[in-house]
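Engineer: Next comes the structure file query.cif, holding mmCIF, C-alpha atoms.
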```cif
data_final
loop_
_atom_site.group_PDB
_atom_site.id
_atom_site.type_symbol
_atom_site.label_atom_id
_atom_site.label_comp_id
_atom_site.auth_asym_id
_atom_site.auth_seq_id
_atom_site.Cartn_x
_atom_site.Cartn_y
_atom_site.Cartn_z
ATOM 1 C CA MET A 1 152.417 88.070 -4.049
ATOM 2 C CA SER A 2 149.433 85.712 -3.826
ATOM 3 C CA GLN A 3 148.504 83.001 -1.360
ATOM 4 C CA ILE A 4 146.155 80.325 -2.685
ATOM 5 C CA LEU A 5 144.070 78.981 0.185
ATOM 6 C CA TYR A 6 142.254 76.463 -2.001
ATOM 7 C CA GLN A 7 141.467 75.649 -5.631
ATOM 8 C CA GLU A 8 138.828 73.006 -6.247
ATOM 9 C CA LYS A 9 136.489 71.950 -9.024
ATOM 10 C CA MET A 10 133.992 69.413 -10.319
ATOM 11 C CA ASP A 11 132.116 69.198 -13.614
ATOM 12 C CA GLY A 12 130.907 72.697 -14.489
ATOM 13 C CA ILE A 13 131.877 74.258 -11.132
ATOM 14 C CA SER A 14 135.153 75.685 -9.859
ATOM 15 C CA ILE A 15 135.969 77.593 -6.686
ATOM 16 C CA ASP A 16 139.144 79.195 -5.393
ATOM 17 C CA ARG A 17 140.113 81.475 -2.551
ATOM 18 C CA ILE A 18 143.164 83.695 -2.963
ATOM 19 C CA CYS A 19 144.726 86.384 -0.770
ATOM 20 C CA ARG A 20 146.665 89.007 -2.717
ATOM 21 C CA GLU A 21 148.967 91.836 -1.733
ATOM 22 C CA PRO A 22 148.241 95.460 -2.761
ATOM 23 C CA GLY A 23 148.840 96.323 -6.393
ATOM 24 C CA PHE A 24 147.223 93.304 -8.042
ATOM 25 C CA THR A 25 145.074 94.001 -11.105
ATOM 26 C CA MET A 26 143.046 91.207 -12.686
ATOM 27 C CA PRO A 27 143.729 90.543 -16.380
ATOM 28 C CA SER A 28 140.699 90.603 -18.685
ATOM 29 C CA LYS A 29 141.271 89.626 -22.296
ATOM 30 C CA HIS A 30 138.593 87.185 -23.366
ATOM 31 C CA LEU A 31 134.908 86.360 -23.422
ATOM 32 C CA HIS A 32 134.017 83.282 -21.430
ATOM 33 C CA ASN A 33 130.779 81.361 -21.127
ATOM 34 C CA GLU A 34 130.889 80.835 -17.388
ATOM 35 C CA TYR A 35 128.897 82.737 -14.833
ATOM 36 C CA GLU A 36 131.023 84.056 -11.993
ATOM 37 C CA ILE A 37 130.321 84.696 -8.328
ATOM 38 C CA TYR A 38 132.860 86.856 -6.504
ATOM 39 C CA PHE A 39 132.872 87.381 -2.733
ATOM 40 C CA LEU A 40 135.233 89.843 -1.052
ATOM 41 C CA VAL A 41 136.191 88.352 2.315
ATOM 42 C CA GLU A 42 138.586 91.138 3.301
ATOM 43 C CA GLY A 43 139.772 94.421 1.809
ATOM 44 C CA GLU A 44 138.249 96.624 -0.868
ATOM 45 C CA ARG A 45 138.410 96.671 -4.675
ATOM 46 C CA TYR A 46 137.273 98.644 -7.651
ATOM 47 C CA TYR A 47 135.231 96.393 -9.938
ATOM 48 C CA PHE A 48 134.591 97.378 -13.542
ATOM 49 C CA ILE A 49 131.523 95.451 -14.781
ATOM 50 C CA GLY A 50 130.188 95.947 -18.280
ATOM 51 C CA SER A 51 130.416 99.722 -18.421
ATOM 52 C CA GLN A 52 130.493 100.855 -14.779
ATOM 53 C CA THR A 53 133.074 100.871 -11.997
ATOM 54 C CA TYR A 54 131.869 99.893 -8.521
ATOM 55 C CA HIS A 55 133.581 100.347 -5.185
ATOM 56 C CA VAL A 56 133.311 96.939 -3.524
ATOM 57 C CA LYS A 57 134.048 96.591 0.176
ATOM 58 C CA LYS A 58 134.364 93.674 2.581
ATOM 59 C CA GLY A 59 131.288 91.469 2.357
ATOM 60 C CA GLY A 60 130.426 92.433 -1.225
ATOM 61 C CA LEU A 61 128.860 89.630 -3.281
ATOM 62 C CA VAL A 62 129.223 90.070 -7.048
ATOM 63 C CA PHE A 63 127.333 88.233 -9.797
ATOM 64 C CA ILE A 64 128.906 88.377 -13.279
ATOM 65 C CA ASP A 65 126.906 87.330 -16.329
ATOM 66 C CA ARG A 66 128.492 85.325 -19.139
ATOM 67 C CA GLY A 67 130.344 87.177 -21.861
ATOM 68 C CA LEU A 68 130.550 90.375 -19.831
ATOM 69 C CA VAL A 69 133.744 92.428 -19.607
ATOM 70 C CA HIS A 70 134.848 92.661 -15.979
ATOM 71 C CA GLN A 71 137.995 93.621 -14.112
ATOM 72 C CA THR A 72 139.072 94.254 -10.519
ATOM 73 C CA SER A 73 141.739 96.771 -9.567
ATOM 74 C CA GLN A 74 143.332 98.237 -6.469
ATOM 75 C CA ALA A 75 141.298 100.327 -4.025
ATOM 76 C CA GLY A 76 143.050 101.526 -0.889
ATOM 77 C CA ASN A 77 146.397 100.282 0.336
ATOM 78 C CA GLU A 78 145.448 96.957 1.902
ATOM 79 C CA SER A 79 145.720 93.394 0.658
ATOM 80 C CA HIS A 80 142.506 91.606 -0.247
ATOM 81 C CA ASP A 81 141.044 88.131 0.205
ATOM 82 C CA ARG A 82 138.435 86.923 -2.228
ATOM 83 C CA ILE A 83 136.514 83.784 -3.228
ATOM 84 C CA LEU A 84 135.616 83.157 -6.870
ATOM 85 C CA ILE A 85 133.204 80.608 -8.313
ATOM 86 C CA GLY A 86 133.054 79.777 -12.014
ATOM 87 C CA LEU A 87 129.788 78.169 -13.003
ATOM 88 C CA GLU A 88 128.510 76.623 -16.220
ATOM 89 C CA ASP A 89 124.773 76.582 -16.833
ATOM 90 C CA THR A 90 124.693 72.817 -17.312
ATOM 91 C CA ALA A 91 126.008 72.257 -13.784
ATOM 92 C CA LEU A 92 122.915 73.615 -12.038
ATOM 93 C CA ALA A 93 120.172 73.701 -14.686
ATOM 94 C CA PRO A 94 118.914 70.127 -14.028
ATOM 95 C CA PHE A 95 118.979 70.770 -10.272
ATOM 96 C CA PHE A 96 116.904 73.956 -10.542
ATOM 97 C CA ALA A 97 114.589 72.322 -13.083
ATOM 98 C CA LEU A 98 113.298 70.071 -10.302
ATOM 99 C CA THR A 99 111.562 73.025 -8.664
ATOM 100 C CA GLY A 100 111.219 75.472 -11.536
ATOM 101 C CA GLU A 101 111.761 78.320 -9.070
ATOM 102 C CA LEU A 102 114.991 79.743 -10.449
ATOM 103 C CA SER A 103 116.708 80.098 -13.822
ATOM 104 C CA LEU A 104 120.410 80.920 -13.837
ATOM 105 C CA SER A 105 120.208 82.901 -17.070
ATOM 106 C CA ARG A 106 117.315 84.979 -15.744
ATOM 107 C CA PHE A 107 118.949 85.453 -12.347
ATOM 108 C CA PHE A 108 122.198 86.799 -13.800
ATOM 109 C CA GLU A 109 120.370 88.906 -16.352
ATOM 110 C CA GLU A 110 118.323 90.588 -13.622
ATOM 111 C CA HIS A 111 120.915 90.719 -10.843
ATOM 112 C CA CYS A 112 124.276 91.064 -12.547
ATOM 113 C CA GLY A 113 126.327 93.445 -10.417
ATOM 114 C CA VAL A 114 127.294 93.984 -6.804
ATOM 115 C CA LEU A 115 125.202 93.023 -3.784
ATOM 116 C CA PRO A 116 126.594 94.628 -0.600
ATOM 117 C CA LEU A 117 125.808 92.548 2.490
ATOM 118 C CA SER A 118 125.400 93.307 6.166
ATOM 119 C CA GLU A 119 127.862 91.636 8.526
ATOM 120 C CA GLU A 120 125.327 88.939 9.368
ATOM 121 C CA ASP A 121 124.418 88.285 5.740
ATOM 122 C CA ALA A 122 128.101 88.254 4.765
ATOM 123 C CA ARG A 123 128.726 85.524 7.347
ATOM 124 C CA THR A 124 125.839 83.532 5.902
ATOM 125 C CA ALA A 125 127.149 83.868 2.341
ATOM 126 C CA LEU A 126 130.678 82.951 3.429
ATOM 127 C CA GLY A 127 129.288 79.879 5.157
ATOM 128 C CA TYR A 128 127.706 78.614 1.928
ATOM 129 C CA LEU A 129 130.904 79.249 -0.028
ATOM 130 C CA GLU A 130 133.140 77.536 2.509
ATOM 131 C CA ARG A 131 130.842 74.496 2.601
ATOM 132 C CA ILE A 132 131.132 74.232 -1.185
ATOM 133 C CA ALA A 133 134.923 74.370 -0.955
ATOM 134 C CA ALA A 134 135.040 71.845 1.912
ATOM 135 C CA GLU A 135 132.886 69.316 0.032
ATOM 136 C CA LEU A 136 135.036 69.661 -3.082
ATOM 137 C CA GLN A 137 138.213 69.259 -1.036
ATOM 138 C CA LYS A 138 137.064 66.093 0.759
ATOM 139 C CA LYS A 139 135.024 64.560 -2.076
ATOM 140 C CA GLU A 140 133.278 62.168 0.270
ATOM 141 C CA GLY A 141 130.119 60.267 -0.586
ATOM 142 C CA GLY A 142 127.332 62.531 -1.842
ATOM 143 C CA TYR A 143 129.598 65.564 -2.195
ATOM 144 C CA ARG A 144 128.232 66.524 -5.607
ATOM 145 C CA LEU A 145 124.693 66.804 -4.305
ATOM 146 C CA LEU A 146 125.859 68.764 -1.264
ATOM 147 C CA VAL A 147 127.817 71.182 -3.478
ATOM 148 C CA LEU A 148 124.745 71.768 -5.643
ATOM 149 C CA SER A 149 122.575 72.185 -2.547
ATOM 150 C CA SER A 150 124.895 74.815 -1.064
ATOM 151 C CA LEU A 151 125.083 76.672 -4.370
ATOM 152 C CA ALA A 152 121.305 76.630 -4.686
ATOM 153 C CA ALA A 153 121.010 77.899 -1.105
ATOM 154 C CA LEU A 154 123.364 80.790 -1.942
ATOM 155 C CA PHE A 155 121.280 81.756 -4.966
ATOM 156 C CA PHE A 156 117.989 81.638 -3.076
ATOM 157 C CA PHE A 157 119.568 83.584 -0.217
ATOM 158 C CA ALA A 158 120.596 86.335 -2.648
ATOM 159 C CA GLN A 159 117.244 86.164 -4.449
ATOM 160 C CA ARG A 160 115.387 86.789 -1.199
ATOM 161 C CA LEU A 161 117.549 89.821 -0.467
ATOM 162 C CA PHE A 162 116.805 91.241 -3.905
ATOM 163 C CA LEU A 163 113.069 90.611 -3.533
ATOM 164 C CA LYS A 164 113.022 91.999 -0.008
ATOM 165 C CA ASN A 165 114.461 95.258 -1.296
ATOM 166 C CA LYS A 166 112.431 95.420 -4.494
ATOM 167 C CA GLY A 167 111.909 99.054 -5.430
ATOM 168 C CA ASN A 168 115.025 99.982 -3.473
ATOM 169 C CA PRO A 169 117.749 98.247 -5.528
ATOM 170 C CA LEU A 170 120.706 96.862 -3.653
ATOM 171 C CA SER A 171 124.003 97.871 -5.171
ATOM 172 C CA ALA A 172 127.456 98.904 -4.106
ATOM 173 C CA PRO A 173 128.172 102.580 -4.742
ATOM 174 C CA LEU A 174 129.809 103.515 -8.008
ATOM 175 C CA SER A 175 133.384 104.670 -7.666
ATOM 176 C CA ALA A 176 133.539 108.409 -6.933
ATOM 177 C CA SER A 177 136.907 108.740 -8.651
ATOM 178 C CA PRO A 178 136.748 111.283 -11.521
ATOM 179 C CA LYS A 179 138.859 109.017 -13.725
ATOM 180 C CA HIS A 180 136.489 106.088 -13.146
ATOM 181 C CA ARG A 181 133.514 108.288 -13.994
ATOM 182 C CA LYS A 182 135.259 109.230 -17.248
ATOM 183 C CA VAL A 183 136.007 105.568 -18.008
ATOM 184 C CA ASP A 184 132.369 104.661 -17.357
ATOM 185 C CA GLU A 185 131.286 107.472 -19.660
ATOM 186 C CA ALA A 186 133.585 106.170 -22.390
ATOM 187 C CA ALA A 187 132.372 102.586 -21.938
ATOM 188 C CA ALA A 188 128.731 103.655 -22.077
ATOM 189 C CA TYR A 189 129.364 105.635 -25.267
ATOM 190 C CA ILE A 190 131.113 102.666 -26.892
ATOM 191 C CA THR A 191 128.322 100.293 -25.822
ATOM 192 C CA GLU A 192 125.772 102.495 -27.581
ATOM 193 C CA HIS A 193 127.821 103.253 -30.713
ATOM 194 C CA TYR A 194 129.997 100.161 -31.315
ATOM 195 C CA GLN A 195 128.403 99.608 -34.753
ATOM 196 C CA GLU A 196 129.742 102.961 -35.925
ATOM 197 C CA PRO A 197 133.332 103.715 -36.980
ATOM 198 C CA LEU A 198 135.028 104.116 -33.595
ATOM 199 C CA SER A 199 138.615 104.600 -32.483
ATOM 200 C CA LEU A 200 140.524 105.814 -29.445
ATOM 201 C CA GLU A 201 140.747 109.223 -31.101
ATOM 202 C CA SER A 202 137.011 109.514 -31.838
ATOM 203 C CA VAL A 203 135.966 108.417 -28.350
ATOM 204 C CA ALA A 204 138.447 110.790 -26.700
ATOM 205 C CA LYS A 205 137.208 113.639 -28.897
ATOM 206 C CA HIS A 206 133.602 112.926 -27.902
ATOM 207 C CA LEU A 207 134.582 113.072 -24.212
ATOM 208 C CA PHE A 208 136.758 116.197 -24.620
ATOM 209 C CA VAL A 209 139.883 114.517 -23.236
ATOM 210 C CA SER A 210 143.245 113.666 -24.769
ATOM 211 C CA LYS A 211 143.613 110.230 -26.290
ATOM 212 C CA CYS A 212 146.715 109.579 -24.165
ATOM 213 C CA TYR A 213 144.817 110.286 -20.942
ATOM 214 C CA LEU A 214 141.813 108.181 -21.974
ATOM 215 C CA SER A 215 144.052 105.330 -23.070
ATOM 216 C CA ARG A 216 145.842 105.280 -19.709
ATOM 217 C CA ILE A 217 142.823 105.490 -17.389
ATOM 218 C CA PHE A 218 140.733 103.057 -19.454
ATOM 219 C CA LYS A 219 143.480 100.452 -19.325
ATOM 220 C CA GLU A 220 143.867 100.954 -15.565
ATOM 221 C CA ALA A 221 140.146 100.578 -14.816
ATOM 222 C CA ALA A 222 138.930 98.089 -17.409
ATOM 223 C CA GLY A 223 142.101 96.053 -17.939
ATOM 224 C CA LEU A 224 142.032 96.441 -21.705
ATOM 225 C CA THR A 225 142.481 99.161 -24.259
ATOM 226 C CA VAL A 226 139.704 101.255 -25.755
ATOM 227 C CA VAL A 227 140.067 99.439 -29.082
ATOM 228 C CA GLU A 228 139.937 96.047 -27.336
ATOM 229 C CA TYR A 229 136.757 97.102 -25.549
ATOM 230 C CA ILE A 230 135.203 98.243 -28.848
ATOM 231 C CA ASN A 231 136.044 94.889 -30.394
ATOM 232 C CA LEU A 232 134.694 92.936 -27.421
ATOM 233 C CA CYS A 233 131.370 94.786 -27.668
ATOM 234 C CA ARG A 234 131.224 93.919 -31.356
ATOM 235 C CA VAL A 235 132.141 90.272 -30.787
ATOM 236 C CA ARG A 236 129.450 89.874 -28.118
ATOM 237 C CA GLN A 237 126.853 91.103 -30.592
ATOM 238 C CA ALA A 238 128.367 88.961 -33.347
ATOM 239 C CA ARG A 239 127.906 85.834 -31.234
ATOM 240 C CA ARG A 240 124.249 86.670 -30.806
ATOM 241 C CA LEU A 241 123.671 87.426 -34.481
ATOM 242 C CA LEU A 242 125.459 84.270 -35.579
ATOM 243 C CA LEU A 243 122.921 82.170 -33.698
ATOM 244 C CA GLU A 244 119.793 84.276 -34.082
ATOM 245 C CA THR A 245 120.029 85.348 -37.737
ATOM 246 C CA SER A 246 121.067 83.920 -41.097
ATOM 247 C CA MET A 247 123.306 86.895 -41.908
ATOM 248 C CA SER A 248 126.459 86.029 -43.805
ATOM 249 C CA ILE A 249 129.880 86.632 -42.283
ATOM 250 C CA THR A 250 130.394 89.503 -44.713
ATOM 251 C CA GLU A 251 127.098 91.112 -43.674
ATOM 252 C CA LEU A 252 127.944 90.686 -39.995
ATOM 253 C CA ALA A 253 131.360 92.267 -40.385
ATOM 254 C CA GLU A 254 129.859 95.248 -42.185
ATOM 255 C CA CYS A 255 126.959 95.883 -39.811
ATOM 256 C CA LEU A 256 129.189 95.613 -36.729
ATOM 257 C CA GLY A 257 131.630 98.247 -37.926
ATOM 258 C CA PHE A 258 134.602 96.058 -38.839
ATOM 259 C CA GLU A 259 136.761 97.411 -41.631
ATOM 260 C CA SER A 260 137.016 94.040 -43.384
ATOM 261 C CA ILE A 261 135.828 90.442 -43.110
ATOM 262 C CA THR A 262 139.419 89.347 -42.512
ATOM 263 C CA TYR A 263 139.788 91.667 -39.543
ATOM 264 C CA PHE A 264 136.396 90.564 -38.171
ATOM 265 C CA GLU A 265 137.363 86.892 -38.345
ATOM 266 C CA ARG A 266 140.743 87.564 -36.707
ATOM 267 C CA VAL A 267 139.208 89.563 -33.840
ATOM 268 C CA PHE A 268 136.370 87.082 -33.325
ATOM 269 C CA LYS A 269 138.774 84.159 -33.054
ATOM 270 C CA LYS A 270 141.037 86.096 -30.697
ATOM 271 C CA TYR A 271 138.271 86.480 -28.120
ATOM 272 C CA THR A 272 136.269 83.277 -28.616
ATOM 273 C CA LEU A 273 139.092 80.949 -29.759
ATOM 274 C CA VAL A 274 136.998 79.768 -32.736
ATOM 275 C CA SER A 275 136.082 81.217 -36.130
ATOM 276 C CA PRO A 276 132.642 82.784 -36.698
ATOM 277 C CA LEU A 277 131.555 79.901 -38.947
ATOM 278 C CA LYS A 278 132.695 77.267 -36.462
ATOM 279 C CA TYR A 279 130.920 79.116 -33.660
ATOM 280 C CA ARG A 280 127.671 79.118 -35.659
ATOM 281 C CA LYS A 281 128.046 75.453 -36.582
ATOM 282 C CA THR A 282 128.902 74.387 -33.032
ATOM 283 C CA TYR A 283 126.242 76.290 -31.107
ATOM 284 C CA SER A 284 123.372 76.845 -33.548
ATOM 285 C CA GLY A 285 120.263 75.188 -32.123
ATOM 286 C CA SER A 286 121.954 74.484 -28.807
ATOM 287 C CA LEU A 287 121.441 76.010 -25.382
ATOM 288 C CA GLU A 288 124.668 77.985 -25.714
ATOM 289 C CA PRO A 289 124.132 81.480 -24.295
ATOM 290 C CA VAL A 290 125.269 84.537 -26.138
ATOM 291 C CA SER A 291 124.638 87.230 -23.566
#
```
Please express what this file holds, its structure, as structure tokens.

Structural biologist:
Amino acid sequence: MSQILYQEKMDGISIDRICREPGFTMPSKHLHNEYEIYFLVEGERYYFIGSQTYHVKKGGLVFIDRGLVHQTSQAGNESHDRILIGLEDTALAPFFALTGELSLSRFFEEHCGVLPLSEEDARTALGYLERIAAELQKKEGGYRLLVLSSLAALFFFAQRLFLKNKGNPLSAPLSASPKHRKVDEAAAYITEHYQEPLSLESVAKHLFVSKCYLSRIFKEAAGLTVVEYINLCRVRQARRLLLETSMSITELAECLGFESITYFERVFKKYTLVSPLKYRKTYSGSLEPVS
């Protein structure tokens, strides 16, 4: 059962705070073009990001880059309380352009992952997030500027922590669970070899485990099947190649390991909601990210 404490939004920015009972697992089935900021107010969670599973505890601040596979799942037996921000680049880019001190794309590229905070720093981060929610709830005069100011303050706060600990990277510990380590190993292998003919059977064979076991633990940790993860890795690269090269759809399908152009187009549309050609036509020459 979930309790929604608030759900607010404005152009390019959304924020919600939800308390959930034990057993909740976040669905993850698509690629989206929003950045995400996740803050764990209470409880603990496992967080699969890209190809690694982190153990996030109370006060963990998580930055998720666009187009990245991510999934939270149960850790421990307690309920959890979290705040989530969805953020489009266009919402803050003009604001940051005034100073030139921070680029969202560069920030998330360099700091995507989990930033564990001390109790004092967690209170500071929570304060910024709650001010954003309060301004969006009241929508009084000047609220848009105040929302952007609080968001900017949160980013610079995190940036200073990263810089302060340069050379000693801040990160939540990876999950010590043997099954999560095996899932991470499978995800890393797929990330490196997605252009090759891959299947559940071939990945399981490489890892010396049964395909039934790998299928079960991968779904539990990552929220999608091994084949879905393979396809998502291929689609992420396809989005990049569609905008950065003049390769034909047939050439793309072949080089990315798809068995046919028809299958490539079907998978691409499933995860991006548009066809490869429409994606190229819509975003070619634009600022659309394809990370």

Engineer: Could you name the residues that touch segment 146-152 of chain A at 10 Å or less, counting only C-alpha atoms, but leaving out those on the same chain fewer than 5 positions away, as a list of chain:residue names?

Structural biologist: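 Final neighbour list, sorted by chain and number: A:Met10, A:Ile13, A:Ile85, A:Leu87, A:Ala91, A:Leu92, A:Phe95, A:Phe96, A:Leu102, A:Ala125, A:Gly127, A:Tyr128, A:Leu129, A:Glu130, A:Arg131, A:Ile132, A:Ala133, A:Ala134, A:Glu135, A:Leu136, A:Lys139, A:Gly141, A:Phe157, A:Ala158.
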
Engineer: Mind dumping a table of every segment 44-121 of chain A residue within 9 Å of segment 174-177 of chain A, with the nearest atom pair and its distance in Å to one decimal, using only C-alpha atoms, sorted by chain and rising number, as JSON lines?

Structural biologist:
```
{"residue": "A:Tyr46", "atom": "CA", "partner": "A:Ser175", "partner_atom": "CA", "distance": 7.2}
{"residue": "A:Tyr47", "atom": "CA", "partner": "A:Ser175", "partner_atom": "CA", "distance": 8.8}
{"residue": "A:Gln52", "atom": "CA", "partner": "A:Leu174", "partner_atom": "CA", "distance": 7.3}
{"residue": "A:Thr53", "atom": "CA", "partner": "A:Ser175", "partner_atom": "CA", "distance": 5.8}
{"residue": "A:Tyr54", "atom": "CA", "partner": "A:Leu174", "partner_atom": "CA", "distance": 4.2}
{"residue": "A:His55", "atom": "CA", "partner": "A:Ser175", "partner_atom": "CA", "distance": 5.0}
{"residue": "A:Val56", "atom": "CA", "partner": "A:Leu174", "partner_atom": "CA", "distance": 8.7}
```

Engineer: To verify the selection step, state as a list in words which residues the PyMOL selection byres ((chain A and resi 33) around 7) yields on this input.

Structural biologist: Leu31, His32, Glu34, Tyr35, Arg66 and Gly67 of chain A

Engineer: To test your reading of the syntax: which residues would the PyMOL selection byres ((chain A and resi 271) around 10) return for the file shown? Reply as number ranges by chain.

Structural biologist: A: 29-32, 228, 231-232, 235-236, 266-270, 272-275

Engineer: Translate the PyMOL selection byres ((chain A and resi 185-200) around 12) into a concrete residue list for this structure, as a short mmCIF file (atom, residue, chain, number, x, y, z; two decimals) with C-alpha atoms, keeping the file's coordinate frame.

Structural biologist:
```
data_model
loop_
_atom_site.label_atom_id
_atom_site.label_comp_id
_atom_site.auth_asym_id
_atom_site.auth_seq_id
_atom_site.Cartn_x
_atom_site.Cartn_y
_atom_site.Cartn_z
CA PHE A 48 134.59 97.38 -13.54
CA ILE A 49 131.52 95.45 -14.78
CA GLY A 50 130.19 95.95 -18.28
CA SER A 51 130.42 99.72 -18.42
CA GLN A 52 130.49 100.86 -14.78
CA THR A 53 133.07 100.87 -12.00
CA LEU A 68 130.55 90.38 -19.83
CA VAL A 69 133.74 92.43 -19.61
CA HIS A 70 134.85 92.66 -15.98
CA PRO A 178 136.75 111.28 -11.52
CA LYS A 179 138.86 109.02 -13.72
CA HIS A 180 136.49 106.09 -13.15
CA ARG A 181 133.51 108.29 -13.99
CA LYS A 182 135.26 109.23 -17.25
CA VAL A 183 136.01 105.57 -18.01
CA ASP A 184 132.37 104.66 -17.36
CA GLU A 201 140.75 109.22 -31.10
CA SER A 202 137.01 109.51 -31.84
CA VAL A 203 135.97 108.42 -28.35
CA ALA A 204 138.45 110.79 -26.70
CA LYS A 205 137.21 113.64 -28.90
CA HIS A 206 133.60 112.93 -27.90
CA LEU A 207 134.58 113.07 -24.21
CA PHE A 208 136.76 116.20 -24.62
CA VAL A 209 139.88 114.52 -23.24
CA SER A 210 143.24 113.67 -24.77
CA LYS A 211 143.61 110.23 -26.29
CA CYS A 212 146.72 109.58 -24.16
CA TYR A 213 144.82 110.29 -20.94
CA LEU A 214 141.81 108.18 -21.97
CA SER A 215 144.05 105.33 -23.07
CA ARG A 216 145.84 105.28 -19.71
CA ILE A 217 142.82 105.49 -17.39
CA PHE A 218 140.73 103.06 -19.45
CA LYS A 219 143.48 100.45 -19.32
CA ALA A 221 140.15 100.58 -14.82
CA ALA A 222 138.93 98.09 -17.41
CA LEU A 224 142.03 96.44 -21.70
CA THR A 225 142.48 99.16 -24.26
CA VAL A 226 139.70 101.26 -25.76
CA VAL A 227 140.07 99.44 -29.08
CA GLU A 228 139.94 96.05 -27.34
CA TYR A 229 136.76 97.10 -25.55
CA ILE A 230 135.20 98.24 -28.85
CA ASN A 231 136.04 94.89 -30.39
CA LEU A 232 134.69 92.94 -27.42
CA CYS A 233 131.37 94.79 -27.67
CA ARG A 234 131.22 93.92 -31.36
CA VAL A 235 132.14 90.27 -30.79
CA ARG A 236 129.45 89.87 -28.12
CA GLN A 237 126.85 91.10 -30.59
CA ALA A 238 128.37 88.96 -33.35
CA LEU A 252 127.94 90.69 -39.99
CA ALA A 253 131.36 92.27 -40.38
CA GLU A 254 129.86 95.25 -42.18
CA CYS A 255 126.96 95.88 -39.81
CA LEU A 256 129.19 95.61 -36.73
CA GLY A 257 131.63 98.25 -37.93
CA PHE A 258 134.60 96.06 -38.84
CA GLU A 259 136.76 97.41 -41.63
#
```
